[in-house]
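Encoded as structure tokens, the structure appears first; notes follow it.
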Amino acid sequence: MNKLQKALKINSLFSSVSGILLVLLNQQIAKLFRTSNNTVFWIVGIILIFFALTIWYEIRKQRNLAVSWIIIQDYIWVLGSLILIIFNPFNISMIGNLIIGIVALVVLFMGINQMIALKTTITSKDV
């Protein structure tokens, strides 16, 4: 297993676990975020599970464009998280913002790690 496959596997596992937790514990998570609307949590959970499946597919294929799109989606997640934290349009609790921030940092790290691994993979293919 090369570095890109390892980086993608970490992202897939993190996304899977996060998605499953959001689906199974949506009501408890909504309480942590100080909101009565738990729908958003299970919807995001389902999307994360689907995202994890697409990443899992790319672990074998390693298509440059598809992996780049995964990385872009990670960065969009981080940007969206920053917007939620800075503007707090849904009046999310402090603990909710802390959770969003921690997850965003993990996703940022994964995106950077995948980007470096993809560059290394592309460079080694050119040799």
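By convention in this document, the chains of the structure tokens carry letters A, B, ... by their order, each chain's residues are numbered from 1, and ligands are numbered from 1 in the order they are shown.
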
Could you give me, as CSV, every segment 99-118 of chain A residue with an atom at most 12 Å from segment 42-63 of chain A, plus its closest atom pair and distance in Å to one decimal, counting only C-alpha atoms, rows ordered by chain then number?
residue,atom,partner,partner_atom,distance
A:Gln114,CA,A:Gln62,CA,11.2
A:Ala117,CA,A:Gln62,CA,10.9
A:Leu118,CA,A:Gln62,CA,8.7

Write out as a compact mmCIF listing (two decimals) with C-alpha atoms, in the first residue's frame the residues lying within 9 Å of Asn97 of chain A, counting only C-alpha atoms and excluding same-chain residues fewer than 5 positions away.
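As written to disk, selection.txt reads:
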# COMPACT_ATOMS: atom_id res chain seq x y z
CA PHE A 33 -25.01 21.73 19.51
CA SER A 81 -16.55 24.85 9.03
CA LEU A 84 -19.93 28.26 10.60
CA ILE A 85 -17.55 29.04 13.46
CA ASN A 88 -22.36 31.16 13.80
CA ILE A 92 -24.37 26.72 17.71
CA ILE A 102 -11.51 19.92 15.81

Exercise for the section: Between A:Thr123, A:Asn11, A:Leu24, A:Gly96, single out the one closest to Leu108 of chain A, counting only C-alpha atoms. Expected result: A:Asn11

Fill in the blank from the handout: The residue from A:Met115, A:Leu4, A:Ile122, A:Leu82 with the smallest atom-to-atom distance to Val103 of chain A, counting only C-alpha atoms, is A:Leu82

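Distance check against Arg34 of chain A using only C-alpha atoms: of A:Ser16, A:Ser93, A:Thr121, A:Gln73, the minimum falls on A:Ser93.
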
Exercise for the section: Kindly give the distance, in Å, that separates atom CA of Leu25 of chain A and atom CA of Ala7 of chain A, rounded to a single decimal. Expected result: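 Interatomic distance, atom CA of Leu25 of chain A to atom CA of Ala7 of chain A: 26.8 Å.
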
Practice task
Extract, using only C-alpha atoms, all DNA, RNA and protein residues at most 10 Å from Asn37 of chain A, discarding same-chain residues fewer than 4 positions from it, and format them as a ChimeraX atom specification.
Solution key: /A:26-27,30-31,33,41

Quick one: write out the picked residues with C-alpha atoms as a PDB file, in the first residue's frame?
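Written file, selection.pdb:
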ATOM      1  CA  ASN A  26     -28.111  12.500  15.793  1.00  0.00           C
ATOM      2  CA  GLN A  27     -30.386  13.424  18.715  1.00  0.00           C
ATOM      3  CA  ALA A  30     -28.171  17.962  18.322  1.00  0.00           C
ATOM      4  CA  LYS A  31     -28.374  18.504  22.086  1.00  0.00           C
ATOM      5  CA  PHE A  33     -25.007  21.730  19.515  1.00  0.00           C
ATOM      6  CA  PHE A  41     -26.909  15.568  11.525  1.00  0.00           C
TER       7      PHE A  41
END

Practice task
Please give the complete set of residues from segment 27-66 of chain A that DSSP, run on the backbone, assigns to alpha helix (DSSP H), formatted as a PyMOL selection string.
Solution key: chain A and resi 27-32+39-61+64-66
